[in-house]
Number of protein chains: 4
Amino acid sequence: MRALRKTHDGPGAELVDVSVPEPEEGEVLVRVHATSICGTDLHIFEWNEWAAARIPRVPMTFGHEVAGFVEAVGPEVHHIRPGTFVAAETHIACGHCSTCRTGRAHICENLRILGVDTEGAFAEYVVIPAQNAWVVGEGIDPDVASIMEPFGNGVHAAFGTEGGEDLTTNPVAVIGCGPIGLFAVGIVRAAGAWKVVAIEPNDERRSLAAKMGADLLVDPAERDPVEAVLEATNGTGAEVVLEMSGNAQAIDQGTRMLARGGRMSLLGLPDQPVTLDLNDQVIFKEARLLGITGREMFRTWQQTTTLLSTGRVDVAPVITHRLPLDRFEEAFEVMASGRSGKVILFPGG
Amino acid sequence: MRALRKTHDGPGAELVDVSVPEPEEGEVLVRVHATSICGTDLHIFEWNEWAAARIPRVPMTFGHEVAGFVEAVGPEVHHIRPGTFVAAETHIACGHCSTCRTGRAHICENLRILGVDTEGAFAEYVVIPAQNAWVVGEGIDPDVASIMEPFGNGVHAAFGTEGGEDLTTNPVAVIGCGPIGLFAVGIVRAAGAWKVVAIEPNDERRSLAAKMGADLLVDPAERDPVEAVLEATNGTGAEVVLEMSGNAQAIDQGTRMLARGGRMSLLGLPDQPVTLDLNDQVIFKEARLLGITGREMFRTWQQTTTLLSTGRVDVAPVITHRLPLDRFEEAFEVMASGRSGKVILFPGG
Amino acid sequence: MRALRKTHDGPGAELVDVSVPEPEEGEVLVRVHATSICGTDLHIFEWNEWAAARIPRVPMTFGHEVAGFVEAVGPEVHHIRPGTFVAAETHIACGHCSTCRTGRAHICENLRILGVDTEGAFAEYVVIPAQNAWVVGEGIDPDVASIMEPFGNGVHAAFGTEGGEDLTTNPVAVIGCGPIGLFAVGIVRAAGAWKVVAIEPNDERRSLAAKMGADLLVDPAERDPVEAVLEATNGTGAEVVLEMSGNAQAIDQGTRMLARGGRMSLLGLPDQPVTLDLNDQVIFKEARLLGITGREMFRTWQQTTTLLSTGRVDVAPVITHRLPLDRFEEAFEVMASGRSGKVILFPGG
Amino acid sequence: MRALRKTHDGPGAELVDVSVPEPEEGEVLVRVHATSICGTDLHIFEWNEWAAARIPRVPMTFGHEVAGFVEAVGPEVHHIRPGTFVAAETHIACGHCSTCRTGRAHICENLRILGVDTEGAFAEYVVIPAQNAWVVGEGIDPDVASIMEPFGNGVHAAFGTEGGEDLTTNPVAVIGCGPIGLFAVGIVRAAGAWKVVAIEPNDERRSLAAKMGADLLVDPAERDPVEAVLEATNGTGAEVVLEMSGNAQAIDQGTRMLARGGRMSLLGLPDQPVTLDLNDQVIFKEARLLGITGREMFRTWQQTTTLLSTGRVDVAPVITHRLPLDRFEEAFEVMASGRSGKVILFPGG
């Protein structure tokens, strides 16, 4: 089969022929219909410092956002059959550590990531644990099912570890409007948020945020986003801030635009330690800062399914590029340019 | 001033002249703009068994759903000024009992109700505690501001005592589509419920439920509502049931249509003890049954304000009658007929 | 091996020789060290109406509360080794239904029960899914490890589906002091409950409740338990009621002794529908009634392990009888007499 | 009356004669029985940078932790009578802002502090709002009732904004063992925490922590507290960290000793911005950082009352000094030395 592989530890990747993998016990073989590019994949493609330190070995096939048809199942797989259309939860949990045993598999102590720690999905076929295969029901376009994984990040950040009761009727700020931030704008709207402020310096992404339902767009290069949020909320601040940028200054600003008693979900990964004014912005305000990673298995997937299949959130504006897998270089180029929403690759062309 | 009063302990009421009340310390005098009729008021008008036992004394002016302009303030009222347009929280809490001191004033041990325990609002003027005056902001039509109180019942039932995180993306059944049930249909839609089933025998009310956003209408006289909900949810049941009917059979059915792990808010008041199959419908399913009364002071009012002022819920379909106060007999007649949604009276004509 | 079996559909059981079972994929074979008798086992032994309707087939070995050493593991069992001492979670969940996929395996739609739907533990050996084997750490006496399962019922009822934040510093009533109720008394004491009222007609069990830490003992045959709880709480009522009796009258009383805004966990199984005064005891009080079954997998087991291994709860008073398996008739007799706490059988003698 | 006053904006204070204040509407005059010294009072006494910037005007009487007998009540005070023994909630909330109206008065937008923004309690008499007077019930020694306020800080930090369900059966680290940290050690023990680690460089305070029930004492000057906590928890970390030190390095360490999915309550006030490794210590671990200030009005006071009056927590070890008010210089000296727990002053000698 054709697979996009890191053939050496350096920039770039090659589309090469490798043999189709075999599913072992508890695994399924998926014929890839669509696979989308994550920011992480761009790091791996460009082989930045993080990638060099994180990727265990090359050569390897990367890519992890994926949907496709189950082609074959390994031994001891009873509940899923060939022909089923599935999307992949990309966090592979061990199932027996303390966090797994208490229903928090997404923060498993022995977590492995598809396409990072294992052979990935930028290929005609990929093997995943049967447990990680989410059956995609009716009402979700197969072409966009691979984005359920990053959409789930947005869902998990929006609802937080506490359930999201603070979204309905309240002002919400979303900092950073890459694909996950854009999904989040649509998600909090669907959950009944009252005033959704999207903060993003990139003009095209800001206009996508408007399409996803943001009530107010703020370009932080033009205007102090803290002031903008306070003004839009009569000085009270946002009840919920969803931090998707990983930018240290933006995280600090997030605490400053938060209402007393408010909640900030931190999903964006800063590339350095972050300095915060804990006194005035966290302690005296009784703010709650929640670390967010991955998706709750599988509550988040049920929520994702409903939001997408019922049309409560329409992700069409976010999907800006659809390309056959062999045009991967063009795909990574547009990703790197920042002038894209989500880019989806189709191994079948 | 003109006031609609129970002049004796029996059916009916009279519009009579009484002197304008004076606000005492901590109270405000409100010039009534609009006052709507609650089911309770119909009981008082008709003087049923409940009313005869509950009303402390006649003569008295009844009515409690009210909005109007502050005309004057009593001593020690500092935060509200004449001219302000307010709606009334009708639960008058003592402020010093254990539940009040722990932020649950709506279940105050010494609770009194406006227009039941005190002189009410079917009049040109009414006195309420300053604390119970909720400032109605922009974006809410003054003509419908008196319905914020029953709308708040719907909000509180929908969000429950746990916050309503279970509404978003989940199927919700609303049993009983009087005005509060109809409001609730709109509220859960705005909170992102996925499939809203409205169960109501009255044809007109069912068609109002459709206007409020119900996805499925069930006439329990025609079809078993338990079956209908199970079918609509692929056998899983409703994650949330909002019981607004007070009908003993419907409450039992509510437990049967509930999903495993689901939640039922009980707001409708049954007029007799209710028999439930606790084993199969509550214990083995780990259902949660939540008693709901009044509105959280004043979180519910903030939520109500947002849902109404932003247009997330449009209550127009529910307001079926607007009449001057002196046409009260017509108003109670249509209420008694069951062929109405909300009926609003205007003392100013 | 020797196994205590129902050999026909009627009262009684026989100790017979059968072959040692073989663990299949994902299963482990446990050499039983201790196995305790549950009320359910007594029903099966006596073959009451429930048992006749519920047990799928005879002959079968019954019993499910069990701890012992892993003797052998089946294929695809990687995380547990022969020689490990384990206790069994007795709810066998399917792992792929909607409630399992959302972390609520204990209310699995396809739930099977060890020793009811499968061959049980009143034997020298039993096979259980590897997933259901909980490794018993240091600090827990192997002789009592089989009671971790019913102790876990007490933990789950005490902490409820909401986490148990309402236990600390609050008055708690426990209705029914069979073994689970007795465990619950100790558990809520350890969680910081302020005034623990134990309600139980059996004199011996009441005195065991005192040993477990109850502050007040009430014999409902002597005194109205509602009055007793109200008096002990200055008229406020119990913030939490744990209903362990399954008695219809006691459940009704439970709602009446509950404080405004209080919570009742329902674990005892009534053998008939139950009639409740929802108006005054649930709705106006905003009470929460929570169905409770089984144990959260495996949060409850972690809590159980800590409470037992640290000595926060000492279950010694509850363990009233320890007998070799071949004295099973004596064991069931004392269980039937009501004059026992927990009875533990030892197949090894 | 005698009052300890800041007579000028500089170090020190003077005991002078001033007239007894008069309670105005909604206020009560309290004859001070006991008043304890908070770290804040030491800052005001020493007139550090914070005090110089924060105190609105001198001369003024400072001190805020106080208990005493109501001597007289102002107009419109109906629920409290002269002779009642009360302790003071020292956060004076406006009652009409958005956070007050939603039951979070302790983070009132217009918050004033007794003895900082108003005339304080280091005097024979003090005036407080009637609303802020908490009736001290039986079972609490009047001599220590003034410490209910800082004890309440410990309660609020321990239970957090989420209720404290994560305390029972879990390991808890308390960083910083000043009086509030010491109280917290006792509180989490009473709430059923499993392994309480007290981290504190001061030898005497560490030994007080042992008396309050800490299972493990760590001197951070001797041993890396992160390592110590990880070792004590088999590498898992503390489920809950209570940060009482305000030390930037300790806060960073707090995030590192936190378990996956854990919670850190931040109460200690750092005197500078704090730099945190959000990636590894918060986001990937899904940690929750909760700002904590003051006490929930008045849920925290009910919890405090129960914990103290039932003897669940014995604060005796923490009360190291009891002095007449006129020995205030000695009191502040011992406070400044760090060789004290709580110091209580008695204006009556």
# chains A, B, ... in the order shown; residues from 1 in each chain; ligands from 1
call {"tool": "residues_around", "arguments": {"residues": "segment 155-163 of chain B", "least_positions_apart": "6", "cutoff": "10 Å", "atoms": "only C-alpha atoms", "output": "PyMOL selection string"}}
result
(chain A and resi 162-166+168) or (chain B and resi 148-149+172+174+180-181+183-188+191+240-244+263-267+290-296+299-301+303-304+307) or (chain C and resi 162+261+286-288)
call {"tool": "interface_residues", "arguments": {"of": "chain A", "to": "chain C", "cutoff": "10 Å", "atoms": "only C-alpha atoms", "output": "compact mmCIF listing (two decimals) with N, CA, C and O atoms, in the first residue's frame"}}
result
# COMPACT_ATOMS: atom_id res chain seq x y z
N GLU A 25 -4.36 -9.29 17.97
CA GLU A 25 -5.50 -9.49 18.86
C GLU A 25 -6.05 -8.14 19.37
O GLU A 25 -5.28 -7.27 19.78
N GLY A 26 -7.33 -8.00 19.30
CA GLY A 26 -7.98 -6.79 19.78
C GLY A 26 -7.81 -5.59 18.87
O GLY A 26 -8.14 -4.46 19.27
N PRO A 75 -7.85 -11.27 16.07
CA PRO A 75 -8.47 -12.20 17.02
C PRO A 75 -9.07 -11.44 18.21
O PRO A 75 -8.59 -10.36 18.56
N GLU A 76 -10.07 -12.01 18.80
CA GLU A 76 -10.71 -11.46 20.00
C GLU A 76 -11.39 -10.12 19.76
O GLU A 76 -11.53 -9.32 20.69
N HIS A 78 -14.93 -8.80 18.86
CA HIS A 78 -16.26 -9.38 18.72
C HIS A 78 -17.33 -8.37 18.35
O HIS A 78 -18.38 -8.74 17.88
N HIS A 79 -17.07 -7.09 18.64
CA HIS A 79 -18.19 -6.16 18.57
C HIS A 79 -18.14 -5.23 17.38
O HIS A 79 -18.89 -4.29 17.31
N ILE A 80 -17.24 -5.50 16.48
CA ILE A 80 -17.15 -4.62 15.31
C ILE A 80 -16.86 -5.50 14.11
O ILE A 80 -16.09 -6.45 14.20
N CYS A 94 -3.86 2.21 28.29
CA CYS A 94 -3.44 0.86 28.69
C CYS A 94 -4.58 0.04 29.30
O CYS A 94 -4.58 -1.18 29.25
N GLY A 95 -5.55 0.74 29.91
CA GLY A 95 -6.70 0.03 30.46
C GLY A 95 -6.51 -0.50 31.87
O GLY A 95 -7.46 -0.95 32.50
N HIS A 96 -5.30 -0.47 32.39
CA HIS A 96 -5.12 -1.08 33.71
C HIS A 96 -4.43 -0.19 34.74
O HIS A 96 -4.24 -0.60 35.87
N CYS A 97 -4.05 1.04 34.34
CA CYS A 97 -3.45 1.94 35.34
C CYS A 97 -4.56 2.58 36.17
O CYS A 97 -5.74 2.40 35.91
N SER A 98 -4.13 3.34 37.16
CA SER A 98 -5.09 3.90 38.11
C SER A 98 -6.06 4.87 37.44
O SER A 98 -7.26 4.84 37.73
N THR A 99 -5.59 5.72 36.54
CA THR A 99 -6.54 6.65 35.90
C THR A 99 -7.47 5.92 34.94
O THR A 99 -8.65 6.25 34.85
N CYS A 100 -6.95 4.91 34.22
CA CYS A 100 -7.84 4.12 33.36
C CYS A 100 -8.92 3.43 34.19
O CYS A 100 -10.10 3.43 33.82
N ARG A 101 -8.51 2.86 35.31
CA ARG A 101 -9.45 2.10 36.13
C ARG A 101 -10.51 2.98 36.78
O ARG A 101 -11.51 2.49 37.28
N THR A 102 -10.25 4.30 36.80
CA THR A 102 -11.25 5.20 37.38
C THR A 102 -11.92 6.04 36.30
O THR A 102 -12.36 7.15 36.58
N GLY A 103 -11.96 5.52 35.10
CA GLY A 103 -12.75 6.15 34.05
C GLY A 103 -12.13 7.39 33.43
O GLY A 103 -12.83 8.20 32.84
N ARG A 104 -10.83 7.54 33.56
CA ARG A 104 -10.18 8.72 32.96
C ARG A 104 -9.05 8.26 32.03
O ARG A 104 -7.91 8.71 32.14
N ALA A 105 -9.43 7.37 31.09
CA ALA A 105 -8.43 6.74 30.23
C ALA A 105 -7.67 7.77 29.40
O ALA A 105 -6.54 7.51 28.99
N GLN A 131 -10.99 -1.11 20.39
CA GLN A 131 -11.53 -0.23 21.41
C GLN A 131 -11.52 1.25 20.97
O GLN A 131 -12.31 2.05 21.44
N GLU A 296 -12.67 12.77 26.50
CA GLU A 296 -13.15 11.76 27.44
C GLU A 296 -13.63 10.56 26.64
O GLU A 296 -14.37 10.71 25.68
N MET A 297 -13.14 9.38 27.05
CA MET A 297 -13.55 8.17 26.33
C MET A 297 -14.72 7.51 27.06
O MET A 297 -14.54 7.00 28.14
N PHE A 298 -15.88 7.58 26.41
CA PHE A 298 -16.16 8.08 25.09
C PHE A 298 -17.32 9.06 25.16
O PHE A 298 -18.03 9.25 24.19
N ARG A 299 -17.48 9.66 26.35
CA ARG A 299 -18.54 10.65 26.47
C ARG A 299 -18.37 11.74 25.43
O ARG A 299 -19.33 12.17 24.80
N THR A 300 -17.13 12.20 25.27
CA THR A 300 -16.89 13.27 24.30
C THR A 300 -17.32 12.83 22.90
O THR A 300 -17.82 13.64 22.11
N TRP A 301 -17.10 11.56 22.57
CA TRP A 301 -17.46 11.09 21.23
C TRP A 301 -18.97 11.06 21.01
O TRP A 301 -19.46 11.33 19.92
N GLN A 302 -19.69 10.75 22.07
CA GLN A 302 -21.16 10.79 21.94
C GLN A 302 -21.63 12.22 21.72
O GLN A 302 -22.49 12.48 20.89
call {"tool": "atom_distance", "arguments": {"atom1": "atom CA of Lys342 of chain C", "atom2": "atom CA of Gly39 of chain C"}}
result
9.9 Å
call {"tool": "residues_around", "arguments": {"residues": "Ala52 of chain A", "least_positions_apart": "5", "cutoff": "10 Å", "atoms": "only C-alpha atoms", "output": "ChimeraX atom specification"}}
result
/A:9-10,43-44,46-47,57
call {"tool": "write_last_selection", "arguments": {"atoms": "C-alpha atoms", "output": "CSV table (one decimal), in the first residue's frame"}}
result
chain,number,residue,atom,x,y,z
A,9,ASP,CA,15.1,12.1,11.1
A,10,GLY,CA,14.9,15.4,9.3
A,43,HIS,CA,5.8,19.5,13.5
A,44,ILE,CA,6.7,16.0,12.5
A,46,GLU,CA,9.1,19.8,9.5
A,47,TRP,CA,11.0,17.8,12.2
A,57,ARG,CA,11.9,5.9,15.8
call {"tool": "atom_distance", "arguments": {"atom1": "atom CA of Lys6 of chain D", "atom2": "atom CA of Asp117 of chain D"}}
result
13.0 Å
call {"tool": "residues_around", "arguments": {"residues": "segment 343-346 of chain D", "least_positions_apart": "2", "cutoff": "10 Å", "atoms": "only C-alpha atoms", "output": "MDAnalysis selection string"}}
result
chainID D and resid 32:38 65:66 122:124 143:144 146:147 179 318:328 331:332 334:335 340:341 348:349
call {"tool": "atom_distance", "arguments": {"atom1": "atom CA of Glu330 of chain D", "atom2": "atom CA of Trp50 of chain D"}}
result
22.8 Å
call {"tool": "select_by_dssp", "arguments": {"residues": "segment 148-321 of chain C", "states": "strand (DSSP E)", "output": "ChimeraX atom specification"}}
result
/C:171-175,195-199,216-218,238-243,258-266,274-276,288-291,319-321
call {"tool": "write_last_selection", "arguments": {"atoms": "C-alpha atoms", "output": "JSON list (two decimals), in the first residue's frame"}}
result
[["chain", "number", "residue", "atom", "x", "y", "z"],
["C", 171, "PRO", "CA", -26.19, 14.55, 59.84],
["C", 172, "VAL", "CA", -26.73, 11.23, 58.05],
["C", 173, "ALA", "CA", -29.41, 8.59, 58.65],
["C", 174, "VAL", "CA", -28.84, 4.97, 57.69],
["C", 175, "ILE", "CA", -32.06, 2.98, 57.38],
["C", 195, "LYS", "CA", -24.37, 12.80, 63.52],
["C", 196, "VAL", "CA", -24.99, 9.30, 62.28],
["C", 197, "VAL", "CA", -28.42, 7.88, 63.07],
["C", 198, "ALA", "CA", -28.84, 4.12, 62.60],
["C", 199, "ILE", "CA", -32.44, 2.88, 62.21],
["C", 216, "LEU", "CA", -27.86, 7.52, 67.75],
["C", 217, "LEU", "CA", -29.69, 4.18, 67.51],
["C", 218, "VAL", "CA", -33.38, 4.05, 66.72],
["C", 238, "ALA", "CA", -30.85, 14.55, 57.83],
["C", 239, "GLU", "CA", -28.86, 16.05, 54.97],
["C", 240, "VAL", "CA", -28.29, 12.53, 53.67],
["C", 241, "VAL", "CA", -30.40, 9.39, 54.08],
["C", 242, "LEU", "CA", -29.02, 6.02, 53.02],
["C", 243, "GLU", "CA", -31.90, 3.63, 52.41],
["C", 258, "LEU", "CA", -34.72, 14.36, 54.89],
["C", 259, "ALA", "CA", -33.68, 18.00, 55.25],
["C", 260, "ARG", "CA", -34.66, 20.64, 52.70],
["C", 261, "GLY", "CA", -32.32, 20.19, 49.78],
["C", 262, "GLY", "CA", -31.24, 16.80, 51.11],
["C", 263, "ARG", "CA", -30.22, 13.62, 49.31],
["C", 264, "MET", "CA", -31.48, 10.06, 49.71],
["C", 265, "SER", "CA", -29.55, 7.15, 48.23],
["C", 266, "LEU", "CA", -31.84, 4.22, 47.46],
["C", 274, "VAL", "CA", -43.64, 2.30, 46.70],
["C", 275, "THR", "CA", -46.00, 5.20, 47.35],
["C", 276, "LEU", "CA", -44.42, 8.57, 48.14],
["C", 288, "ARG", "CA", -32.84, 14.41, 45.46],
["C", 289, "LEU", "CA", -33.57, 10.67, 45.27],
["C", 290, "LEU", "CA", -30.69, 8.70, 43.77],
["C", 291, "GLY", "CA", -30.95, 5.12, 42.63],
["C", 319, "ILE", "CA", -18.03, -10.30, 60.50],
["C", 320, "THR", "CA", -19.95, -12.47, 62.91],
["C", 321, "HIS", "CA", -19.37, -15.94, 61.47]]
call {"tool": "closest_residue", "arguments": {"among": "D:Pro59, D:Gly83, D:Pro273, D:Gly338", "to": "Leu15 of chain D", "atoms": "only C-alpha atoms"}}
result
D:Pro59
call {"tool": "select_by_dssp", "arguments": {"residues": "segment 70-162 of chain C", "states": "alpha helix (DSSP H)", "output": "list in words"}}
result
Ser98, Thr99, Cys100, Arg101, Met148, Glu149, Pro150, Phe151, Gly152, Asn153, Gly154, Val155, His156, Ala157, Ala158 and Phe159 of chain C
call {"tool": "write_last_selection", "arguments": {"atoms": "all heavy atoms", "output": "short mmCIF file (atom, residue, chain, number, x, y, z; two decimals), in the first residue's frame"}}
result
data_model
loop_
_atom_site.label_atom_id
_atom_site.label_comp_id
_atom_site.auth_asym_id
_atom_site.auth_seq_id
_atom_site.Cartn_x
_atom_site.Cartn_y
_atom_site.Cartn_z
N SER C 98 -23.69 1.74 25.38
CA SER C 98 -23.58 3.19 25.57
C SER C 98 -23.16 3.56 26.99
O SER C 98 -22.32 4.44 27.19
CB SER C 98 -24.93 3.82 25.21
OG SER C 98 -24.98 5.13 25.67
N THR C 99 -23.72 2.91 28.00
CA THR C 99 -23.32 3.28 29.37
C THR C 99 -21.90 2.82 29.67
O THR C 99 -21.15 3.54 30.33
CB THR C 99 -24.31 2.73 30.43
OG1 THR C 99 -24.62 1.38 30.14
CG2 THR C 99 -25.59 3.54 30.47
N CYS C 100 -21.49 1.65 29.17
CA CYS C 100 -20.09 1.23 29.35
C CYS C 100 -19.14 2.23 28.69
O CYS C 100 -18.13 2.61 29.28
CB CYS C 100 -19.87 -0.15 28.73
SG CYS C 100 -20.44 -1.52 29.76
N ARG C 101 -19.48 2.65 27.47
CA ARG C 101 -18.59 3.54 26.71
C ARG C 101 -18.51 4.92 27.35
O ARG C 101 -17.62 5.70 27.03
CB ARG C 101 -19.10 3.68 25.28
CG ARG C 101 -18.83 2.45 24.43
CD ARG C 101 -17.36 2.29 24.08
NE ARG C 101 -17.08 2.52 22.67
CZ ARG C 101 -15.87 2.38 22.12
NH1 ARG C 101 -14.83 2.00 22.85
NH2 ARG C 101 -15.68 2.61 20.85
N MET C 148 -15.23 -6.96 50.33
CA MET C 148 -15.00 -5.69 49.63
C MET C 148 -16.15 -5.38 48.67
O MET C 148 -16.46 -4.22 48.43
CB MET C 148 -13.68 -5.72 48.87
CG MET C 148 -12.47 -5.76 49.80
SD MET C 148 -10.89 -5.82 48.89
CE MET C 148 -10.71 -4.10 48.38
N GLU C 149 -16.76 -6.42 48.13
CA GLU C 149 -17.85 -6.20 47.17
C GLU C 149 -19.05 -5.57 47.87
O GLU C 149 -19.48 -4.49 47.47
CB GLU C 149 -18.16 -7.54 46.48
CG GLU C 149 -19.02 -7.43 45.25
CD GLU C 149 -20.49 -7.71 45.51
OE1 GLU C 149 -20.95 -7.56 46.66
OE2 GLU C 149 -21.17 -8.05 44.54
N PRO C 150 -19.63 -6.16 48.94
CA PRO C 150 -20.75 -5.47 49.58
C PRO C 150 -20.31 -4.17 50.29
O PRO C 150 -21.09 -3.23 50.37
CB PRO C 150 -21.27 -6.50 50.59
CG PRO C 150 -20.13 -7.46 50.81
CD PRO C 150 -19.39 -7.50 49.50
N PHE C 151 -19.09 -4.13 50.78
CA PHE C 151 -18.59 -2.88 51.36
C PHE C 151 -18.63 -1.79 50.29
O PHE C 151 -18.99 -0.64 50.57
CB PHE C 151 -17.16 -3.08 51.87
CG PHE C 151 -16.61 -1.93 52.66
CD1 PHE C 151 -16.73 -1.88 54.04
CD2 PHE C 151 -15.94 -0.88 52.02
CE1 PHE C 151 -16.20 -0.81 54.78
CE2 PHE C 151 -15.42 0.18 52.74
CZ PHE C 151 -15.54 0.22 54.12
N GLY C 152 -18.27 -2.16 49.08
CA GLY C 152 -18.31 -1.21 47.97
C GLY C 152 -19.72 -0.70 47.69
O GLY C 152 -19.91 0.46 47.33
N ASN C 153 -20.73 -1.57 47.89
CA ASN C 153 -22.11 -1.07 47.79
C ASN C 153 -22.34 0.06 48.79
O ASN C 153 -22.97 1.06 48.46
CB ASN C 153 -23.11 -2.20 48.12
CG ASN C 153 -23.28 -3.21 47.01
OD1 ASN C 153 -23.16 -4.40 47.23
ND2 ASN C 153 -23.53 -2.74 45.80
N GLY C 154 -21.84 -0.14 49.99
CA GLY C 154 -22.00 0.89 51.02
C GLY C 154 -21.26 2.17 50.64
O GLY C 154 -21.77 3.28 50.84
N VAL C 155 -20.07 2.02 50.09
CA VAL C 155 -19.29 3.18 49.66
C VAL C 155 -20.04 3.94 48.56
O VAL C 155 -20.18 5.17 48.60
CB VAL C 155 -17.91 2.74 49.13
CG1 VAL C 155 -17.20 3.87 48.40
CG2 VAL C 155 -17.05 2.21 50.28
N HIS C 156 -20.54 3.20 47.59
CA HIS C 156 -21.20 3.83 46.46
C HIS C 156 -22.49 4.54 46.90
O HIS C 156 -22.79 5.66 46.48
CB HIS C 156 -21.48 2.76 45.40
CG HIS C 156 -22.07 3.27 44.14
ND1 HIS C 156 -21.80 4.54 43.64
CD2 HIS C 156 -22.93 2.71 43.24
CE1 HIS C 156 -22.46 4.71 42.50
NE2 HIS C 156 -23.15 3.64 42.25
N ALA C 157 -23.24 3.89 47.80
CA ALA C 157 -24.45 4.53 48.32
C ALA C 157 -24.11 5.79 49.12
O ALA C 157 -24.78 6.81 49.02
CB ALA C 157 -25.23 3.55 49.20
N ALA C 158 -23.05 5.71 49.90
CA ALA C 158 -22.68 6.84 50.75
C ALA C 158 -22.23 8.02 49.90
O ALA C 158 -22.66 9.16 50.12
CB ALA C 158 -21.56 6.44 51.71
N PHE C 159 -21.37 7.78 48.93
CA PHE C 159 -20.84 8.87 48.12
C PHE C 159 -21.80 9.27 47.00
O PHE C 159 -21.72 10.36 46.47
CB PHE C 159 -19.46 8.51 47.56
CG PHE C 159 -18.41 8.34 48.64
CD1 PHE C 159 -17.26 7.61 48.40
CD2 PHE C 159 -18.57 8.92 49.88
CE1 PHE C 159 -16.28 7.46 49.40
CE2 PHE C 159 -17.61 8.77 50.88
CZ PHE C 159 -16.47 8.04 50.64
#
